[in-house]
$ cat work-v9.cif   # mmCIF, C-alpha atoms
data_entry
loop_
_atom_site.label_atom_id
_atom_site.label_comp_id
_atom_site.auth_asym_id
_atom_site.auth_seq_id
_atom_site.Cartn_x
_atom_site.Cartn_y
_atom_site.Cartn_z
CA MET A 1 17.34 -21.07 -7.82
CA SER A 2 15.73 -20.12 -4.50
CA PRO A 3 11.96 -19.95 -4.11
CA ARG A 4 12.28 -16.20 -3.40
CA THR A 5 14.11 -15.64 -6.70
CA VAL A 6 11.49 -17.64 -8.59
CA ALA A 7 8.68 -15.65 -6.93
CA LEU A 8 10.38 -12.36 -7.78
CA ALA A 9 10.89 -13.43 -11.41
CA LEU A 10 7.23 -14.43 -11.72
CA ALA A 11 6.13 -11.16 -10.14
CA LEU A 12 8.26 -9.19 -12.59
CA LEU A 13 6.70 -11.06 -15.50
CA ALA A 14 3.27 -10.18 -14.16
CA VAL A 15 3.98 -6.42 -14.13
CA PRO A 16 1.40 -4.81 -16.38
CA ALA A 17 2.45 -2.52 -19.20
CA PHE A 18 0.52 0.34 -17.57
CA ALA A 19 2.21 1.47 -14.39
CA ALA A 20 1.87 4.69 -12.44
CA THR A 21 4.97 6.83 -12.80
CA TYR A 22 6.41 9.08 -10.13
CA GLY A 23 8.92 11.90 -10.32
CA SER A 24 10.81 12.02 -13.60
CA GLY A 25 9.84 8.43 -14.37
CA VAL A 26 12.20 5.65 -15.38
CA ASN A 27 14.34 5.96 -18.50
CA LEU A 28 17.07 3.40 -17.78
CA THR A 29 16.36 -0.03 -19.20
CA THR A 30 18.78 -2.40 -17.48
CA PRO A 31 18.20 -2.90 -13.75
CA THR A 32 21.01 -3.46 -11.28
CA ARG A 33 20.34 -6.14 -8.66
CA VAL A 34 19.93 -4.77 -5.14
CA SER A 35 22.34 -7.43 -3.89
CA ALA A 36 24.97 -6.20 -6.38
CA LEU A 37 24.59 -2.63 -5.12
CA LEU A 38 24.96 -3.70 -1.51
CA ALA A 39 27.84 -6.11 -2.23
CA ASP A 40 29.96 -3.38 -3.83
CA PRO A 41 28.38 0.00 -3.06
CA ALA A 42 31.62 1.92 -3.70
CA ALA A 43 31.40 0.96 -7.38
CA HIS A 44 27.93 2.53 -7.64
CA LEU A 45 28.11 5.55 -5.30
CA GLY A 46 26.94 8.70 -7.03
CA GLN A 47 25.77 6.82 -10.11
CA THR A 48 22.21 6.76 -11.41
CA VAL A 49 20.94 3.18 -11.32
CA LEU A 50 17.69 1.33 -11.90
CA VAL A 51 16.58 -1.26 -9.36
CA GLU A 52 13.46 -3.36 -9.21
CA GLY A 53 11.93 -5.45 -6.53
CA LEU A 54 9.07 -6.01 -4.16
CA VAL A 55 8.05 -3.03 -2.01
CA VAL A 56 8.03 -4.33 1.56
CA ASP A 57 7.28 -1.08 3.40
CA VAL A 58 6.19 2.51 2.67
CA CYS A 59 6.22 5.65 4.82
CA ALA A 60 2.69 5.85 6.21
CA LYS A 61 2.80 9.57 6.98
CA ARG A 62 4.17 11.25 3.87
CA GLY A 63 5.11 8.54 1.35
CA CYS A 64 8.67 9.90 1.41
CA TRP A 65 10.49 6.55 1.62
CA LEU A 66 10.05 2.88 0.92
CA GLU A 67 11.95 -0.35 1.50
CA LEU A 68 12.64 -2.49 -1.53
CA ALA A 69 13.33 -6.22 -1.13
CA SER A 70 16.56 -7.54 -2.54
CA ASP A 71 17.02 -10.64 -4.62
CA GLN A 72 18.88 -12.00 -1.54
CA LYS A 73 17.05 -13.14 1.58
CA HIS A 74 16.92 -10.68 4.54
CA GLN A 75 18.29 -7.79 2.48
CA THR A 76 16.49 -4.56 1.65
CA LEU A 77 17.39 -1.22 0.13
CA SER A 78 16.03 2.03 1.54
CA VAL A 79 14.66 4.43 -1.08
CA GLN A 80 14.10 8.07 -0.16
CA VAL A 81 12.73 11.14 -1.88
CA PRO A 82 12.44 14.76 -0.82
CA ASP A 83 9.11 15.41 0.94
CA GLY A 84 6.39 16.28 -1.53
CA VAL A 85 8.49 15.77 -4.67
CA ILE A 86 7.52 12.12 -5.03
CA VAL A 87 4.86 10.60 -2.79
CA PHE A 88 4.84 6.81 -2.74
CA PRO A 89 1.29 5.51 -2.14
CA LEU A 90 0.64 3.02 0.65
CA SER A 91 -0.87 0.77 -2.01
CA ALA A 92 2.67 0.23 -3.37
CA ARG A 93 3.32 -2.19 -0.51
CA GLY A 94 3.38 -5.73 -1.92
CA ARG A 95 3.90 -4.58 -5.52
CA VAL A 96 6.95 -4.81 -7.74
CA ALA A 97 8.48 -1.39 -8.36
CA ARG A 98 11.10 -0.10 -10.78
CA ILE A 99 12.98 2.77 -9.17
CA GLN A 100 15.65 4.97 -10.66
CA GLY A 101 17.94 7.06 -8.50
CA VAL A 102 21.41 7.80 -7.17
CA LEU A 103 23.06 5.53 -4.60
CA ALA A 104 24.31 7.47 -1.56
CA GLU A 105 26.00 6.67 1.74
CA VAL A 106 24.06 7.78 4.82
CA PRO A 107 26.15 9.74 7.32
CA ARG A 108 26.16 8.40 10.86
CA SER A 109 25.30 10.46 13.91
CA ALA A 110 27.96 11.17 16.55
CA ALA A 111 26.33 8.64 18.90
CA GLU A 112 26.34 5.95 16.21
CA GLU A 113 30.01 6.61 15.49
CA LYS A 114 30.93 6.54 19.18
CA TRP A 115 29.01 3.40 20.06
CA GLY A 116 29.44 1.45 16.85
CA TRP A 117 25.74 1.27 15.93
CA GLN A 118 24.89 -1.66 18.20
CA ARG A 119 28.16 -3.48 17.46
CA GLY A 120 30.02 -2.26 20.53
CA PRO A 121 32.69 0.43 20.72
CA ALA A 122 35.47 -1.95 19.61
CA GLN A 123 34.03 -2.42 16.10
CA PRO A 124 33.46 0.40 13.62
CA PRO A 125 29.88 0.75 12.42
CA ALA A 126 29.01 -0.68 9.05
CA PRO A 127 28.14 2.01 6.50
CA ARG A 128 24.53 2.45 5.44
CA TYR A 129 23.39 3.13 1.90
CA LEU A 130 20.17 4.33 0.33
CA LEU A 131 18.83 5.16 -3.08
CA ARG A 132 17.79 8.79 -3.57
CA ALA A 133 14.98 8.24 -6.07
CA THR A 134 14.46 10.53 -9.03
CA GLY A 135 11.68 8.47 -10.60
CA ALA A 136 9.68 5.30 -10.22
CA ALA A 137 7.15 3.08 -11.96
CA ILE A 138 4.76 1.05 -9.83
CA PRO A 139 1.82 -0.90 -11.30
#

$ encode --input "work-v9.cif" --output "structure tokens"
Amino acid sequence: MSPRTVALALALLAVPAFAATYGSGVNLTTPTRVSALLADPAAHLGQTVLVEGLVVDVCAKRGCWLELASDQKHQTLSVQVPDGVIVFPLSARGRVARIQGVLAEVPRSAAEEKWGWQRGPAQPPAPRYLLRATGAAIP
């Protein structure tokens, strides 16, 4: 077991019973690992899932997105909400969050399609995915 996995497990155990809820809250009970979503996103597209992990970044202007760390090193999942519907606080950074939402593929711009999103024109760009949050619980 990697040190990152151990740290995440300990952080999840330390989550207090009283957490701030956002949006419609969280009603699913079994989380899906972020790495599992990103390993086989087609199996989860359009489905409502629950993920949990460390919040590594939050939108500083409007609280309309955050980045959630995966259980795998160097992997994150983008979480977005419509402006003003859910506002993630900056204080969420560094906390473990439980977020419920629908996994979606992000469309690429014409320039990204043409130039391969920094991979060169010979290689097709890798798809991008994000979680459109409907609710969250953050201690």

$ atom_distance --input "work-v9.cif" --atom1 "atom CA of A:Leu77" --atom2 "atom CA of A:Leu131"
7.3 Å

$ residues_near_point --input "work-v9.cif" --point "(13.7, -8.3, -6.1)" --cutoff "7 Å" --atoms "all atoms listed in the file" --output "list in words"
Leu8, Glu52, Gly53, Leu54, Ala69, Ser70 and Asp71 of chain A

$ write_last_selection --input "work-v9.cif" --atoms "C-alpha atoms" --output "PDB file, in the frame of the given file"
ATOM      1  CA  LEU A   8      10.380 -12.360  -7.780  1.00  0.00           C
ATOM      2  CA  GLU A  52      13.460  -3.360  -9.210  1.00  0.00           C
ATOM      3  CA  GLY A  53      11.930  -5.450  -6.530  1.00  0.00           C
ATOM      4  CA  LEU A  54       9.070  -6.010  -4.160  1.00  0.00           C
ATOM      5  CA  ALA A  69      13.330  -6.220  -1.130  1.00  0.00           C
ATOM      6  CA  SER A  70      16.560  -7.540  -2.540  1.00  0.00           C
ATOM      7  CA  ASP A  71      17.020 -10.640  -4.620  1.00  0.00           C
TER       8      ASP A  71
END

$ residues_around --input "work-v9.cif" --residues "A:Glu67" --least-positions-apart "4" --cutoff "8 Å" --atoms "only C-alpha atoms" --output "short mmCIF file (atom, residue, chain, number, x, y, z; two decimals) with C-alpha atoms, in the frame of the given file"
data_model
loop_
_atom_site.label_atom_id
_atom_site.label_comp_id
_atom_site.auth_asym_id
_atom_site.auth_seq_id
_atom_site.Cartn_x
_atom_site.Cartn_y
_atom_site.Cartn_z
CA VAL A 55 8.05 -3.03 -2.01
CA VAL A 56 8.03 -4.33 1.56
CA ASP A 57 7.28 -1.08 3.40
CA VAL A 58 6.19 2.51 2.67
CA THR A 76 16.49 -4.56 1.65
CA LEU A 77 17.39 -1.22 0.13
CA SER A 78 16.03 2.03 1.54
CA VAL A 79 14.66 4.43 -1.08
#

$ resolve_selection --input "work-v9.cif" --expression "the PyMOL selection byres ((chain A and resi 28) around 12)" --output "count of residues only"
21

$ closest_residue --input "work-v9.cif" --among "A:Pro139, A:Gly23, A:Pro127, A:Gly63" --to "A:Ala104" --atoms "all atoms listed in the file"
A:Pro127

$ atom_distance --input "work-v9.cif" --atom1 "atom CA of A:Tyr129" --atom2 "atom CA of A:Glu105"
4.4 Å

$ closest_residue --input "work-v9.cif" --among "A:Ser91, A:Gln75, A:Gln80, A:Gln47" --to "A:Leu103" --atoms "all atoms listed in the file"
A:Gln47

$ residues_around --input "work-v9.cif" --residues "A:Pro82" --least-positions-apart "2" --cutoff "9 Å" --atoms "all atoms listed in the file" --output "PDB file with C-alpha atoms, keeping the file's coordinate frame"
ATOM      1  CA  CYS A  64       8.670   9.900   1.410  1.00  0.00           C
ATOM      2  CA  TRP A  65      10.490   6.550   1.620  1.00  0.00           C
ATOM      3  CA  GLN A  80      14.100   8.070  -0.160  1.00  0.00           C
ATOM      4  CA  GLY A  84       6.390  16.280  -1.530  1.00  0.00           C
ATOM      5  CA  VAL A  85       8.490  15.770  -4.670  1.00  0.00           C
ATOM      6  CA  ILE A  86       7.520  12.120  -5.030  1.00  0.00           C
ATOM      7  CA  VAL A  87       4.860  10.600  -2.790  1.00  0.00           C
ATOM      8  CA  ARG A 132      17.790   8.790  -3.570  1.00  0.00           C
ATOM      9  CA  ALA A 133      14.980   8.240  -6.070  1.00  0.00           C
TER      10      ALA A 133
END

$ closest_residue --input "work-v9.cif" --among "A:Ala20, A:Leu90, A:Ala42, A:Val106" --to "A:Lys61" --atoms "all atoms listed in the file"
A:Leu90

$ closest_residue --input "work-v9.cif" --among "A:Cys59, A:Leu45, A:Val34, A:Ala97" --to "A:Lys73" --atoms "all atoms listed in the file"
A:Val34

$ atom_distance --input "work-v9.cif" --atom1 "atom CA of A:Ser35" --atom2 "atom CA of A:Tyr22"
23.8 Å
